[in-house]
Amino acid sequence: MALTQVSVAFSGAVALREASVSIAPGARLGIVGESGCGKSMLGLCLMGMVPDAAQVTGSIRLNGQELAGAPERVWRRHRARDVAMIFQEPMAALNPLKRVGETVMEPLMIHEGLSRPAARARALALFEEVGLPDPAASLRQYPHEISGGQRQRVLIALALACDPGLLVADEPTTALDANVALRIIELLVRLSKSRNMALVFISHDLAAVSRATEQMLVMYGGDIVERGPTAQVLAAPRHPYTQGLLGARPGLENRGRTPDGRRKRLVTIPGTVPPLFDLPQGCRFSGRCGQEFAPCARHRPQPTALGGGQEAACHLLSPLHAGRGAA
Amino acid sequence: MAYFLIRRTIGFVLTLLTVSVVVFAVMNILPGDPALTILGIEASEQALENLRRQLGLNDPVHIRYLNWIGAALQGDFGTSHSFRVPVSELIVERLPLTVSLAISGMVVTIILALVLGVGAAANHGKPGDWGVMFLAQIGIAVPSFWLSILLILLFAVTLGWLPPGGFPGWSDPVGAVRALIMPTAALALVQGAVLARVTRSSALEVMRLDYVRTARASGFSRQRVLWRHVLPNALVPIVTIVGLQFASLVTGTIVIENVFSLPGLGRLIFQSISNRDLPTVQALVMLFAAIVVTVNFIVDVIYVFIDPRLKART
């Protein structure tokens with residue numbers, strides 16, 4: 001699946017600006033950024049589920065087929081079968097009136113034309129595959145009867161039901177306890193490998209992305225500001241925003257007290273994300289960036305290749321401005 | 001669940017008991033002497049006194065109440081003063097018509113409301129939505145008796161398609177159905193308008209929820225998402241209103257049966273009140289109350305079947 005120069009706008013407010021992403025079969029891609037950076041919008045673009053009010057431009061290709069601007073009817077054929085998605089709130093994402101087995105059986109019966117017993121057998125196999133304890137009993141349970149981690153497993157089973165080539169996971173672990181989140185990440189990685197299924201893992205949790213993915217994108221204000229192999233980007237971030245994001249991580253190394261005895265404060269990125277209709281014209285990060293200089297506010301930085309597949313869109317890294325602020 | 005049913009049943013009995021006290025008290029406070037009504041104003045004081053004693057009207061109030069309740073529990077509602085037959089006979093004779101009218105009215109109301117309400121929600125903010133809401137607003141504003149008169153003018157007087165009123169009896173099924181079409185429509189259009197608005201707003205609320213997005217992400221058609229995922233979850237407030245509406249539908253039959261001259265319970269209660277026919281009025285008010293309370297009881301049980309989360313809590 002490939003997005004080329006895809007933009008999403010809501011009457012003047014740009015939620016996504018000329019994003020290009022391509023996802024190879026079996027690849028695992030992380031998308032990182034703060035709330036409102038456009039990462040969820042990117043995920044929805046992959047499902048054709050951008051809100052009706054949005055204008056989408058650019059090209060969205062799935063196995064060579066152009067889907068940008070395709071009607072709902074066309075998209076529907078690909079959802080669940082080619083691209084599936086799981087969402088942030090497993091508590092709210094399951095129909096509370098249906099037994100979770102029925103929920104997973106529904107796409108099997110509708111899309112694959114399976115009979116009820118056949119669909120039930122498949123749902124049971126899926127429940128085993130996603131590691132639900134006592135899968136047979138789980139089939140008959142209602143969402144309110146199982147825990148958050150189990151609900152997310154049910155949602156993963158639902159997403160896998162029609163054997164999609166790509167699974168988009170939008171903040172799948174944010175609402176879960178840390179240890180449960182970890183096991184969900186392990187499950188997603190294992191499934192991606194065993195089924196050769198591509199995984200797009202959207203999160204603001206850098207640790208989760210580092211565990212789940214091989215490649216990653218960093219987004220800010222609707223722009224992709226940095227991308228590259230996950231380990232490399234996290235070890236040597238080049239864009240000031242990525243550096244700020246890594247610095248803002250609460251971790252053991254930031255704990256404790258400073259030499260003069262004061263408690264260490266968590267480093268934060270100064271300011272807040274500006275609203276979508278009030279983003280700076282040039283680099284979206286200008287205004288909050290500590291290393292800002294002349295061109296930042298006016299000109300949009302183009303991605304600069306940094307070797308090893310890593311690239312970042314920052315004027316500091318551009319050959320045109322070589323030597324500026326190379327701290 | 002068993003605890004829930006027991007609690008509900010106790011509530012059901014207590015409600016009916018309260019209703020019986022109120023009905024009895026009101027009927028006894030009302031001015032008018034049944035003996036005078038039966039014998040006419042020219043009757044002698046002696047004859048009136050004899051009849052009063054015979055009807056038990058001179059007994060203390062609580063004795064009269066207990067006598068009435070005791071007999072009613074055995075199915076004996078006394079004898080109608082104006083019809084001179086047992087009240088239970090009157091009820092058995094007229095109940096089928098009123099029940100048919102109320103049920104057909106309710107069914108048409110529900111179908112109308114679900115189709116229009118869900119359709120409006122699916123087309124939220126588009127002309128279809130505005131159209132439905134405009135019609136619903138008119139439906140809410142129009143009184144059913146006036147709508148009945150308009151229907152009679154159009155379909156009976158001008159077009160001649162349907163009878164303007166009256167009821168041929170159940171031995172003529174086609175005629176019976178034809179006689180019920182307009183009364184049903186008059187009841188259902190008004191109630192359906194209210195319910196359509198409730199359905200629309202409830203469906204809109206559910207459509208925003210995450211599991212509806214999950215259903216869309218599963219590649220289901222719009223119709224499937226609407227009817228299989230949105231509607232069942234939108235049902236709880238709809239069922240609540242349906243329960244309340246059934247009560248107003250039953251009382252609505254009083255007006256409708258009079259407009260269309262249908263020999264049902266509604267017409268009977270109206271006539272009995274004019275005739276100071278105490279036993280009949282008491283029995284009918286109790287019956288209407290019992291119907292309404294029963295329907296509310298059924299509604300409470302339906303909730304539990306709609307939403308498995310309630311079963312855990314009851």
# chains A, B, ... in the order shown; residues from 1 in each chain; ligands from 1
>>> interface_residues(of="chain A", to="chain B", cutoff="6 Å", atoms="only C-alpha atoms", output="list in words")
Arg76, Arg79, Ala80, Ala92, Ala93, Leu94, Asn95 and Leu97 of chain A
>>> write_last_selection(atoms="N, CA and C atoms", output="short mmCIF file (atom, residue, chain, number, x, y, z; two decimals), in the first residue's frame")
data_model
loop_
_atom_site.label_atom_id
_atom_site.label_comp_id
_atom_site.auth_asym_id
_atom_site.auth_seq_id
_atom_site.Cartn_x
_atom_site.Cartn_y
_atom_site.Cartn_z
N ARG A 76 -15.28 -0.27 0.89
CA ARG A 76 -15.84 -1.30 1.74
C ARG A 76 -15.33 -2.69 1.37
N ARG A 79 -11.89 -3.04 3.09
CA ARG A 79 -11.81 -3.05 4.55
C ARG A 79 -11.99 -4.48 5.05
N ALA A 80 -11.28 -4.80 6.10
CA ALA A 80 -11.31 -6.13 6.71
C ALA A 80 -10.57 -7.15 5.85
N ALA A 92 -14.51 0.73 24.34
CA ALA A 92 -15.64 1.29 23.61
C ALA A 92 -15.78 0.73 22.21
N ALA A 93 -14.78 -0.02 21.75
CA ALA A 93 -14.75 -0.40 20.34
C ALA A 93 -15.51 -1.68 20.05
N LEU A 94 -16.05 -2.32 21.08
CA LEU A 94 -16.84 -3.54 20.84
C LEU A 94 -18.31 -3.26 21.10
N ASN A 95 -19.15 -3.76 20.22
CA ASN A 95 -20.59 -3.62 20.39
C ASN A 95 -21.02 -4.29 21.69
N LEU A 97 -23.76 -5.15 22.93
CA LEU A 97 -24.92 -6.04 22.92
C LEU A 97 -24.62 -7.39 22.28
#
>>> closest_residue(among="A:Cys37, A:Cys296, A:Leu139, A:Leu166", to="A:Asn63", atoms="only C-alpha atoms")
A:Leu166
>>> closest_residue(among="B:Ile138, B:Ala290, B:Met182, B:Ala47", to="B:Pro163", atoms="only C-alpha atoms")
B:Met182
>>> closest_residue(among="A:Thr103, A:Ser192, A:Thr4, A:Thr230", to="A:Val56", atoms="only C-alpha atoms")
A:Thr4
>>> closest_residue(among="A:Ala136, A:Cys45, A:Val6, A:Cys314", to="A:Arg227", atoms="only C-alpha atoms")
A:Cys314
>>> residues_around(residues="stretch 153-162 of chain A", least_positions_apart="3", cutoff="9 Å", atoms="only C-alpha atoms", output="PyMOL selection string")
(chain A and resi 80-87+90+93-94+100-101+103-108+111-112+122-123+126-127+129-132+148-150+167+184+187-188) or (chain B and resi 214+217-218)
>>> write_last_selection(atoms="N, CA, C and O atoms", output="compact mmCIF listing (two decimals), in the first residue's frame")
# COMPACT_ATOMS: atom_id res chain seq x y z
N ALA A 80 -11.28 -4.80 6.10
CA ALA A 80 -11.31 -6.13 6.71
C ALA A 80 -10.57 -7.15 5.85
O ALA A 80 -9.84 -7.97 6.35
N ARG A 81 -10.76 -7.10 4.50
CA ARG A 81 -10.13 -8.12 3.66
C ARG A 81 -8.70 -7.76 3.27
O ARG A 81 -7.84 -8.62 3.18
N ASP A 82 -8.46 -6.46 2.97
CA ASP A 82 -7.10 -6.06 2.62
C ASP A 82 -6.46 -5.22 3.72
O ASP A 82 -5.29 -5.38 4.03
N VAL A 83 -7.23 -4.31 4.27
CA VAL A 83 -6.72 -3.45 5.34
C VAL A 83 -7.69 -3.54 6.52
O VAL A 83 -8.89 -3.36 6.35
N ALA A 84 -7.17 -3.82 7.67
CA ALA A 84 -8.02 -3.85 8.87
C ALA A 84 -7.43 -2.87 9.87
O ALA A 84 -6.27 -2.47 9.77
N MET A 85 -8.26 -2.49 10.85
CA MET A 85 -7.79 -1.48 11.79
C MET A 85 -8.26 -1.81 13.19
O MET A 85 -9.37 -2.31 13.39
N ILE A 86 -7.40 -1.55 14.16
CA ILE A 86 -7.84 -1.62 15.55
C ILE A 86 -7.62 -0.26 16.18
O ILE A 86 -6.73 0.48 15.77
N PHE A 87 -8.45 0.04 17.17
CA PHE A 87 -8.49 1.40 17.67
C PHE A 87 -8.02 1.48 19.12
O PHE A 87 -7.78 0.48 19.79
N PRO A 90 -10.24 -0.11 23.59
CA PRO A 90 -10.89 -1.42 23.46
C PRO A 90 -12.18 -1.49 24.26
O PRO A 90 -13.07 -2.27 23.96
N ALA A 93 -14.78 -0.02 21.75
CA ALA A 93 -14.75 -0.40 20.34
C ALA A 93 -15.51 -1.68 20.05
O ALA A 93 -15.61 -2.09 18.90
N LEU A 94 -16.05 -2.32 21.08
CA LEU A 94 -16.84 -3.54 20.84
C LEU A 94 -18.31 -3.26 21.10
O LEU A 94 -18.66 -2.61 22.10
N VAL A 100 -18.80 -11.56 22.12
CA VAL A 100 -17.61 -11.25 21.33
C VAL A 100 -17.39 -12.28 20.23
O VAL A 100 -16.86 -11.96 19.17
N GLY A 101 -17.84 -13.52 20.47
CA GLY A 101 -17.74 -14.53 19.40
C GLY A 101 -18.56 -14.13 18.19
O GLY A 101 -18.10 -14.20 17.05
N THR A 103 -19.37 -11.15 17.33
CA THR A 103 -18.72 -10.00 16.71
C THR A 103 -17.64 -10.46 15.73
O THR A 103 -17.53 -9.94 14.62
N VAL A 104 -16.87 -11.45 16.12
CA VAL A 104 -15.79 -11.93 15.25
C VAL A 104 -16.36 -12.79 14.11
O VAL A 104 -15.82 -12.80 13.01
N MET A 105 -17.48 -13.46 14.38
CA MET A 105 -18.07 -14.31 13.33
C MET A 105 -18.73 -13.49 12.23
O MET A 105 -18.84 -13.94 11.09
N GLU A 106 -19.19 -12.29 12.60
CA GLU A 106 -19.98 -11.50 11.64
C GLU A 106 -19.23 -11.26 10.31
O GLU A 106 -19.78 -11.56 9.25
N PRO A 107 -17.99 -10.72 10.33
CA PRO A 107 -17.32 -10.51 9.03
C PRO A 107 -17.05 -11.82 8.29
O PRO A 107 -17.07 -11.85 7.06
N LEU A 108 -16.83 -12.91 9.04
CA LEU A 108 -16.57 -14.19 8.39
C LEU A 108 -17.79 -14.65 7.61
O LEU A 108 -17.69 -15.17 6.50
N HIS A 111 -18.44 -11.55 4.75
CA HIS A 111 -17.46 -11.38 3.68
C HIS A 111 -17.01 -12.70 3.07
O HIS A 111 -16.74 -12.80 1.89
N GLU A 112 -16.86 -13.73 3.91
CA GLU A 112 -16.32 -14.99 3.41
C GLU A 112 -17.44 -15.99 3.13
O GLU A 112 -17.16 -17.09 2.65
N ARG A 122 -13.76 -20.88 12.94
CA ARG A 122 -12.69 -19.93 12.60
C ARG A 122 -12.47 -18.94 13.73
O ARG A 122 -11.33 -18.60 14.06
N ALA A 123 -13.58 -18.47 14.32
CA ALA A 123 -13.46 -17.50 15.42
C ALA A 123 -12.70 -18.13 16.58
O ALA A 123 -11.85 -17.50 17.21
N LEU A 126 -9.11 -18.15 15.75
CA LEU A 126 -8.56 -16.80 15.89
C LEU A 126 -8.34 -16.44 17.35
O LEU A 126 -7.33 -15.84 17.71
N PHE A 127 -9.31 -16.82 18.20
CA PHE A 127 -9.18 -16.53 19.63
C PHE A 127 -7.95 -17.23 20.20
O PHE A 127 -7.26 -16.69 21.06
N GLU A 129 -5.31 -18.00 18.42
CA GLU A 129 -4.14 -17.35 17.83
C GLU A 129 -3.78 -16.05 18.56
O GLU A 129 -2.61 -15.74 18.71
N VAL A 130 -4.79 -15.29 19.02
CA VAL A 130 -4.50 -14.03 19.70
C VAL A 130 -4.28 -14.24 21.20
O VAL A 130 -4.14 -13.28 21.94
N GLY A 131 -4.28 -15.51 21.62
CA GLY A 131 -3.91 -15.80 22.99
C GLY A 131 -4.94 -15.46 24.04
O GLY A 131 -4.60 -15.07 25.16
N LEU A 132 -6.23 -15.61 23.70
CA LEU A 132 -7.25 -15.41 24.73
C LEU A 132 -7.29 -16.65 25.61
O LEU A 132 -7.28 -17.77 25.10
N GLY A 148 -9.80 -5.25 29.69
CA GLY A 148 -9.38 -4.39 28.58
C GLY A 148 -8.39 -5.08 27.65
O GLY A 148 -8.52 -5.00 26.43
N GLY A 149 -7.42 -5.78 28.22
CA GLY A 149 -6.44 -6.48 27.39
C GLY A 149 -7.09 -7.56 26.55
O GLY A 149 -6.78 -7.73 25.37
N GLN A 150 -8.07 -8.26 27.17
CA GLN A 150 -8.77 -9.32 26.42
C GLN A 150 -9.63 -8.72 25.32
O GLN A 150 -9.74 -9.28 24.23
N LEU A 167 -2.47 -4.37 8.72
CA LEU A 167 -3.22 -4.07 9.93
C LEU A 167 -2.78 -2.70 10.43
O LEU A 167 -1.59 -2.47 10.66
N ILE A 184 0.42 -7.11 24.29
CA ILE A 184 -0.31 -6.84 23.04
C ILE A 184 0.69 -6.51 21.92
O ILE A 184 0.55 -6.97 20.79
N LEU A 187 2.25 -9.61 20.74
CA LEU A 187 1.28 -10.35 19.92
C LEU A 187 1.23 -9.77 18.50
O LEU A 187 1.27 -10.52 17.52
N LEU A 188 1.17 -8.43 18.40
CA LEU A 188 1.08 -7.81 17.08
C LEU A 188 2.31 -8.13 16.24
O LEU A 188 2.21 -8.44 15.05
N THR B 214 -15.89 0.60 14.48
CA THR B 214 -15.35 -0.75 14.31
C THR B 214 -16.16 -1.50 13.25
O THR B 214 -15.59 -2.19 12.40
N ALA B 217 -15.22 -0.26 9.97
CA ALA B 217 -13.88 -0.73 9.63
C ALA B 217 -13.89 -2.21 9.26
O ALA B 217 -12.97 -2.70 8.63
N SER B 218 -14.96 -2.93 9.65
CA SER B 218 -15.07 -4.33 9.28
C SER B 218 -15.65 -4.48 7.88
O SER B 218 -15.94 -5.60 7.45
>>> closest_residue(among="B:Ala289, B:Ile273, B:Thr158, B:Gly192", to="B:Met27", atoms="only C-alpha atoms")
B:Ile273
>>> residues_around(residues="B:Gly243", least_positions_apart="6", cutoff="8 Å", atoms="only C-alpha atoms", output="PyMOL selection string")
chain B and resi 295-296+299
>>> write_last_selection(atoms="N, CA, C and O atoms", output="PDB file, in the first residue's frame")
ATOM      1  N   VAL B 295     -47.996  -3.087  30.501  1.00  0.00           N
ATOM      2  CA  VAL B 295     -47.088  -2.750  29.406  1.00  0.00           C
ATOM      3  C   VAL B 295     -45.766  -2.226  29.956  1.00  0.00           C
ATOM      4  O   VAL B 295     -44.692  -2.602  29.481  1.00  0.00           O
ATOM      5  N   ASN B 296     -45.835  -1.400  30.991  1.00  0.00           N
ATOM      6  CA  ASN B 296     -44.593  -0.894  31.576  1.00  0.00           C
ATOM      7  C   ASN B 296     -43.766  -2.015  32.196  1.00  0.00           C
ATOM      8  O   ASN B 296     -42.540  -1.999  32.124  1.00  0.00           O
ATOM      9  N   VAL B 299     -42.074  -3.685  29.364  1.00  0.00           N
ATOM     10  CA  VAL B 299     -40.960  -2.851  28.893  1.00  0.00           C
ATOM     11  C   VAL B 299     -39.720  -3.053  29.763  1.00  0.00           C
ATOM     12  O   VAL B 299     -38.610  -3.208  29.268  1.00  0.00           O
TER      13      VAL B 299
END
>>> select_by_dssp(residues="stretch 256-322 of chain A", states="strand (DSSP E or B)", output="MDAnalysis selection string")
chainID A and resid 257 263 303:305 311:313
>>> write_last_selection(atoms="all heavy atoms", output="PDB file, in the first residue's frame")
ATOM      1  N   ARG A 257      18.077  13.576  41.285  1.00  0.00           N
ATOM      2  CA  ARG A 257      18.287  14.985  41.593  1.00  0.00           C
ATOM      3  C   ARG A 257      19.466  15.545  40.820  1.00  0.00           C
ATOM      4  O   ARG A 257      20.385  14.832  40.435  1.00  0.00           O
ATOM      5  CB  ARG A 257      18.508  15.156  43.095  1.00  0.00           C
ATOM      6  CG  ARG A 257      17.249  14.814  43.869  1.00  0.00           C
ATOM      7  CD  ARG A 257      17.450  14.769  45.349  1.00  0.00           C
ATOM      8  NE  ARG A 257      16.234  14.281  46.007  1.00  0.00           N
ATOM      9  CZ  ARG A 257      15.205  15.060  46.332  1.00  0.00           C
ATOM     10  NH1 ARG A 257      15.217  16.343  46.085  1.00  0.00           N
ATOM     11  NH2 ARG A 257      14.145  14.544  46.904  1.00  0.00           N
ATOM     12  N   ARG A 263      15.306  18.447  42.613  1.00  0.00           N
ATOM     13  CA  ARG A 263      14.693  17.343  41.896  1.00  0.00           C
ATOM     14  C   ARG A 263      14.721  17.639  40.395  1.00  0.00           C
ATOM     15  O   ARG A 263      14.393  18.751  39.983  1.00  0.00           O
ATOM     16  CB  ARG A 263      13.243  17.199  42.357  1.00  0.00           C
ATOM     17  CG  ARG A 263      12.543  15.976  41.891  1.00  0.00           C
ATOM     18  CD  ARG A 263      11.126  16.028  42.389  1.00  0.00           C
ATOM     19  NE  ARG A 263      11.037  15.431  43.727  1.00  0.00           N
ATOM     20  CZ  ARG A 263      10.528  14.209  43.921  1.00  0.00           C
ATOM     21  NH1 ARG A 263      10.066  13.526  42.907  1.00  0.00           N
ATOM     22  NH2 ARG A 263      10.471  13.707  45.119  1.00  0.00           N
ATOM     23  N   PRO A 303      12.636  17.039   2.828  1.00  0.00           N
ATOM     24  CA  PRO A 303      13.374  15.967   3.501  1.00  0.00           C
ATOM     25  C   PRO A 303      14.813  15.877   2.988  1.00  0.00           C
ATOM     26  O   PRO A 303      15.051  15.996   1.785  1.00  0.00           O
ATOM     27  CB  PRO A 303      12.608  14.707   3.129  1.00  0.00           C
ATOM     28  CG  PRO A 303      11.328  15.153   2.552  1.00  0.00           C
ATOM     29  CD  PRO A 303      11.485  16.551   2.088  1.00  0.00           C
ATOM     30  N   THR A 304      15.755  15.706   3.888  1.00  0.00           N
ATOM     31  CA  THR A 304      17.153  15.534   3.527  1.00  0.00           C
ATOM     32  C   THR A 304      17.560  14.119   3.896  1.00  0.00           C
ATOM     33  O   THR A 304      17.292  13.672   5.019  1.00  0.00           O
ATOM     34  CB  THR A 304      18.026  16.513   4.341  1.00  0.00           C
ATOM     35  OG1 THR A 304      17.473  17.814   4.232  1.00  0.00           O
ATOM     36  CG2 THR A 304      19.460  16.509   3.843  1.00  0.00           C
ATOM     37  N   ALA A 305      18.176  13.429   2.918  1.00  0.00           N
ATOM     38  CA  ALA A 305      18.629  12.070   3.201  1.00  0.00           C
ATOM     39  C   ALA A 305      19.850  12.129   4.107  1.00  0.00           C
ATOM     40  O   ALA A 305      20.744  12.959   3.922  1.00  0.00           O
ATOM     41  CB  ALA A 305      18.967  11.350   1.896  1.00  0.00           C
ATOM     42  N   GLU A 311      15.806  10.038   6.994  1.00  0.00           N
ATOM     43  CA  GLU A 311      15.719  11.383   6.438  1.00  0.00           C
ATOM     44  C   GLU A 311      14.897  12.264   7.357  1.00  0.00           C
ATOM     45  O   GLU A 311      14.046  11.789   8.106  1.00  0.00           O
ATOM     46  CB  GLU A 311      15.164  11.370   5.017  1.00  0.00           C
ATOM     47  CG  GLU A 311      13.805  10.721   4.860  1.00  0.00           C
ATOM     48  CD  GLU A 311      13.299  10.800   3.420  1.00  0.00           C
ATOM     49  OE1 GLU A 311      13.995  10.296   2.522  1.00  0.00           O
ATOM     50  OE2 GLU A 311      12.213  11.363   3.202  1.00  0.00           O
ATOM     51  N   ALA A 312      15.183  13.574   7.316  1.00  0.00           N
ATOM     52  CA  ALA A 312      14.458  14.504   8.170  1.00  0.00           C
ATOM     53  C   ALA A 312      14.213  15.776   7.384  1.00  0.00           C
ATOM     54  O   ALA A 312      15.023  16.165   6.534  1.00  0.00           O
ATOM     55  CB  ALA A 312      15.255  14.802   9.434  1.00  0.00           C
ATOM     56  N   ALA A 313      13.060  16.405   7.635  1.00  0.00           N
ATOM     57  CA  ALA A 313      12.726  17.644   6.946  1.00  0.00           C
ATOM     58  C   ALA A 313      13.013  18.806   7.878  1.00  0.00           C
ATOM     59  O   ALA A 313      12.165  19.200   8.676  1.00  0.00           O
ATOM     60  CB  ALA A 313      11.257  17.617   6.535  1.00  0.00           C
TER      61      ALA A 313
END
>>> atom_distance(atom1="atom CA of B:Ile298", atom2="atom CA of B:Val225")
27.8 Å
>>> residues_around(residues="A:Ala236", least_positions_apart="3", cutoff="12 Å", atoms="only C-alpha atoms", output="short mmCIF file (atom, residue, chain, number, x, y, z; two decimals) with all heavy atoms, in the first residue's frame")
data_model
loop_
_atom_site.label_atom_id
_atom_site.label_comp_id
_atom_site.auth_asym_id
_atom_site.auth_seq_id
_atom_site.Cartn_x
_atom_site.Cartn_y
_atom_site.Cartn_z
N GLU A 226 10.39 13.38 10.22
CA GLU A 226 11.56 12.52 10.17
C GLU A 226 11.12 11.08 9.96
O GLU A 226 10.05 10.69 10.40
CB GLU A 226 12.36 12.63 11.49
CG GLU A 226 13.66 11.85 11.46
CD GLU A 226 14.68 12.34 12.50
OE1 GLU A 226 14.31 13.19 13.33
OE2 GLU A 226 15.84 11.90 12.44
N ARG A 227 11.97 10.32 9.27
CA ARG A 227 11.66 8.91 9.09
C ARG A 227 12.94 8.12 8.94
O ARG A 227 13.98 8.67 8.62
CB ARG A 227 10.76 8.69 7.89
CG ARG A 227 11.42 8.98 6.56
CD ARG A 227 10.54 8.53 5.42
NE ARG A 227 9.57 9.54 5.04
CZ ARG A 227 8.43 9.26 4.38
NH1 ARG A 227 8.14 8.03 4.09
NH2 ARG A 227 7.63 10.23 4.04
N GLY A 228 12.82 6.83 9.16
CA GLY A 228 13.99 5.99 9.00
C GLY A 228 13.83 4.72 9.80
O GLY A 228 12.78 4.49 10.40
N PRO A 229 14.89 3.88 9.81
CA PRO A 229 14.83 2.66 10.63
C PRO A 229 14.62 3.05 12.09
O PRO A 229 15.27 3.98 12.58
CB PRO A 229 16.20 2.01 10.41
CG PRO A 229 16.72 2.60 9.14
CD PRO A 229 16.16 3.98 9.06
N THR A 230 13.71 2.35 12.76
CA THR A 230 13.31 2.75 14.11
C THR A 230 14.50 2.88 15.05
O THR A 230 14.65 3.90 15.74
CB THR A 230 12.31 1.70 14.68
OG1 THR A 230 11.25 1.57 13.75
CG2 THR A 230 11.78 2.13 16.03
N ALA A 231 15.37 1.86 15.05
CA ALA A 231 16.48 1.87 16.00
C ALA A 231 17.38 3.07 15.74
O ALA A 231 17.83 3.76 16.66
CB ALA A 231 17.27 0.57 15.87
N GLN A 232 17.60 3.34 14.45
CA GLN A 232 18.51 4.44 14.08
C GLN A 232 17.92 5.80 14.45
O GLN A 232 18.61 6.65 15.00
CB GLN A 232 18.76 4.34 12.57
CG GLN A 232 19.89 5.22 12.07
CD GLN A 232 20.06 5.07 10.56
OE1 GLN A 232 19.77 4.02 10.00
NE2 GLN A 232 20.52 6.13 9.91
N VAL A 233 16.63 5.99 14.16
CA VAL A 233 16.00 7.28 14.47
C VAL A 233 16.00 7.52 15.98
O VAL A 233 16.30 8.62 16.45
CB VAL A 233 14.55 7.33 13.92
CG1 VAL A 233 13.82 8.56 14.43
CG2 VAL A 233 14.57 7.31 12.40
N HIS A 239 15.98 15.53 13.62
CA HIS A 239 15.06 16.67 13.58
C HIS A 239 14.89 17.21 15.01
O HIS A 239 14.75 16.42 15.95
CB HIS A 239 13.70 16.23 13.02
CG HIS A 239 12.81 17.37 12.64
ND1 HIS A 239 12.11 18.09 13.58
CD2 HIS A 239 12.54 17.92 11.43
CE1 HIS A 239 11.42 19.04 12.95
NE2 HIS A 239 11.67 18.96 11.64
N PRO A 240 14.91 18.53 15.18
CA PRO A 240 14.77 19.07 16.54
C PRO A 240 13.52 18.58 17.25
O PRO A 240 13.53 18.39 18.47
CB PRO A 240 14.70 20.59 16.29
CG PRO A 240 15.34 20.81 14.98
CD PRO A 240 15.11 19.57 14.17
N THR A 242 12.00 15.60 16.88
CA THR A 242 12.25 14.23 17.34
C THR A 242 13.15 14.24 18.57
O THR A 242 12.94 13.49 19.53
CB THR A 242 12.90 13.40 16.22
OG1 THR A 242 12.26 13.69 14.99
CG2 THR A 242 12.80 11.92 16.51
N GLN A 243 14.16 15.13 18.51
CA GLN A 243 15.06 15.23 19.66
C GLN A 243 14.29 15.66 20.91
O GLN A 243 14.49 15.11 21.99
CB GLN A 243 16.19 16.23 19.34
CG GLN A 243 17.13 15.71 18.27
CD GLN A 243 18.02 16.80 17.68
OE1 GLN A 243 17.89 17.98 18.00
NE2 GLN A 243 18.94 16.40 16.81
N LEU A 246 12.18 12.77 22.23
CA LEU A 246 12.98 11.79 22.96
C LEU A 246 13.40 12.34 24.31
O LEU A 246 13.43 11.61 25.30
CB LEU A 246 14.22 11.42 22.14
CG LEU A 246 13.98 10.33 21.11
CD1 LEU A 246 15.07 10.32 20.06
CD2 LEU A 246 13.88 8.98 21.81
N GLY A 247 13.68 13.64 24.36
CA GLY A 247 14.08 14.26 25.63
C GLY A 247 12.94 14.30 26.62
O GLY A 247 13.15 14.32 27.83
N LEU A 306 19.85 11.30 5.12
CA LEU A 306 20.92 11.36 6.12
C LEU A 306 21.72 10.07 6.18
O LEU A 306 22.50 9.86 7.10
CB LEU A 306 20.31 11.65 7.50
CG LEU A 306 19.51 12.95 7.58
CD1 LEU A 306 18.65 12.96 8.82
CD2 LEU A 306 20.44 14.14 7.59
N GLY A 307 21.49 9.19 5.22
CA GLY A 307 22.23 7.94 5.22
C GLY A 307 21.51 6.87 6.03
O GLY A 307 20.80 7.18 6.98
N GLY A 308 21.68 5.63 5.60
CA GLY A 308 21.06 4.51 6.32
C GLY A 308 19.55 4.52 6.22
O GLY A 308 18.89 3.89 7.03
N GLN A 310 17.60 7.00 6.74
CA GLN A 310 17.00 8.02 7.60
C GLN A 310 16.90 9.33 6.83
O GLN A 310 17.79 9.69 6.06
CB GLN A 310 17.87 8.20 8.85
CG GLN A 310 17.25 9.11 9.89
CD GLN A 310 18.11 9.18 11.15
OE1 GLN A 310 19.16 8.54 11.23
NE2 GLN A 310 17.67 9.96 12.12
N GLU A 311 15.81 10.04 6.99
CA GLU A 311 15.72 11.38 6.44
C GLU A 311 14.90 12.26 7.36
O GLU A 311 14.05 11.79 8.11
CB GLU A 311 15.16 11.37 5.02
CG GLU A 311 13.80 10.72 4.86
CD GLU A 311 13.30 10.80 3.42
OE1 GLU A 311 14.00 10.30 2.52
OE2 GLU A 311 12.21 11.36 3.20
N ALA A 312 15.18 13.57 7.32
CA ALA A 312 14.46 14.50 8.17
C ALA A 312 14.21 15.78 7.38
O ALA A 312 15.02 16.16 6.53
CB ALA A 312 15.26 14.80 9.43
#
>>> closest_residue(among="B:Ser202, B:Pro263, B:Val250, B:Pro237", to="B:Ser104", atoms="only C-alpha atoms")
B:Val250
>>> residues_around(residues="B:Gly165", least_positions_apart="6", cutoff="9 Å", atoms="only C-alpha atoms", output="short mmCIF file (atom, residue, chain, number, x, y, z; two decimals) with C-alpha atoms, in the first residue's frame")
data_model
loop_
_atom_site.label_atom_id
_atom_site.label_comp_id
_atom_site.auth_asym_id
_atom_site.auth_seq_id
_atom_site.Cartn_x
_atom_site.Cartn_y
_atom_site.Cartn_z
CA ILE B 152 -62.56 11.10 7.08
CA ALA B 156 -64.34 8.63 3.16
CA ALA B 179 -62.90 0.17 9.41
CA LEU B 180 -59.68 0.13 11.44
CA MET B 182 -58.16 5.30 9.42
CA PRO B 183 -58.36 5.06 13.25
CA GLU B 257 -63.39 5.49 18.99
CA VAL B 259 -64.74 10.14 16.32
CA PHE B 260 -65.05 6.94 14.25
CA SER B 261 -68.04 5.57 16.27
CA LEU B 262 -66.26 2.32 17.03
#
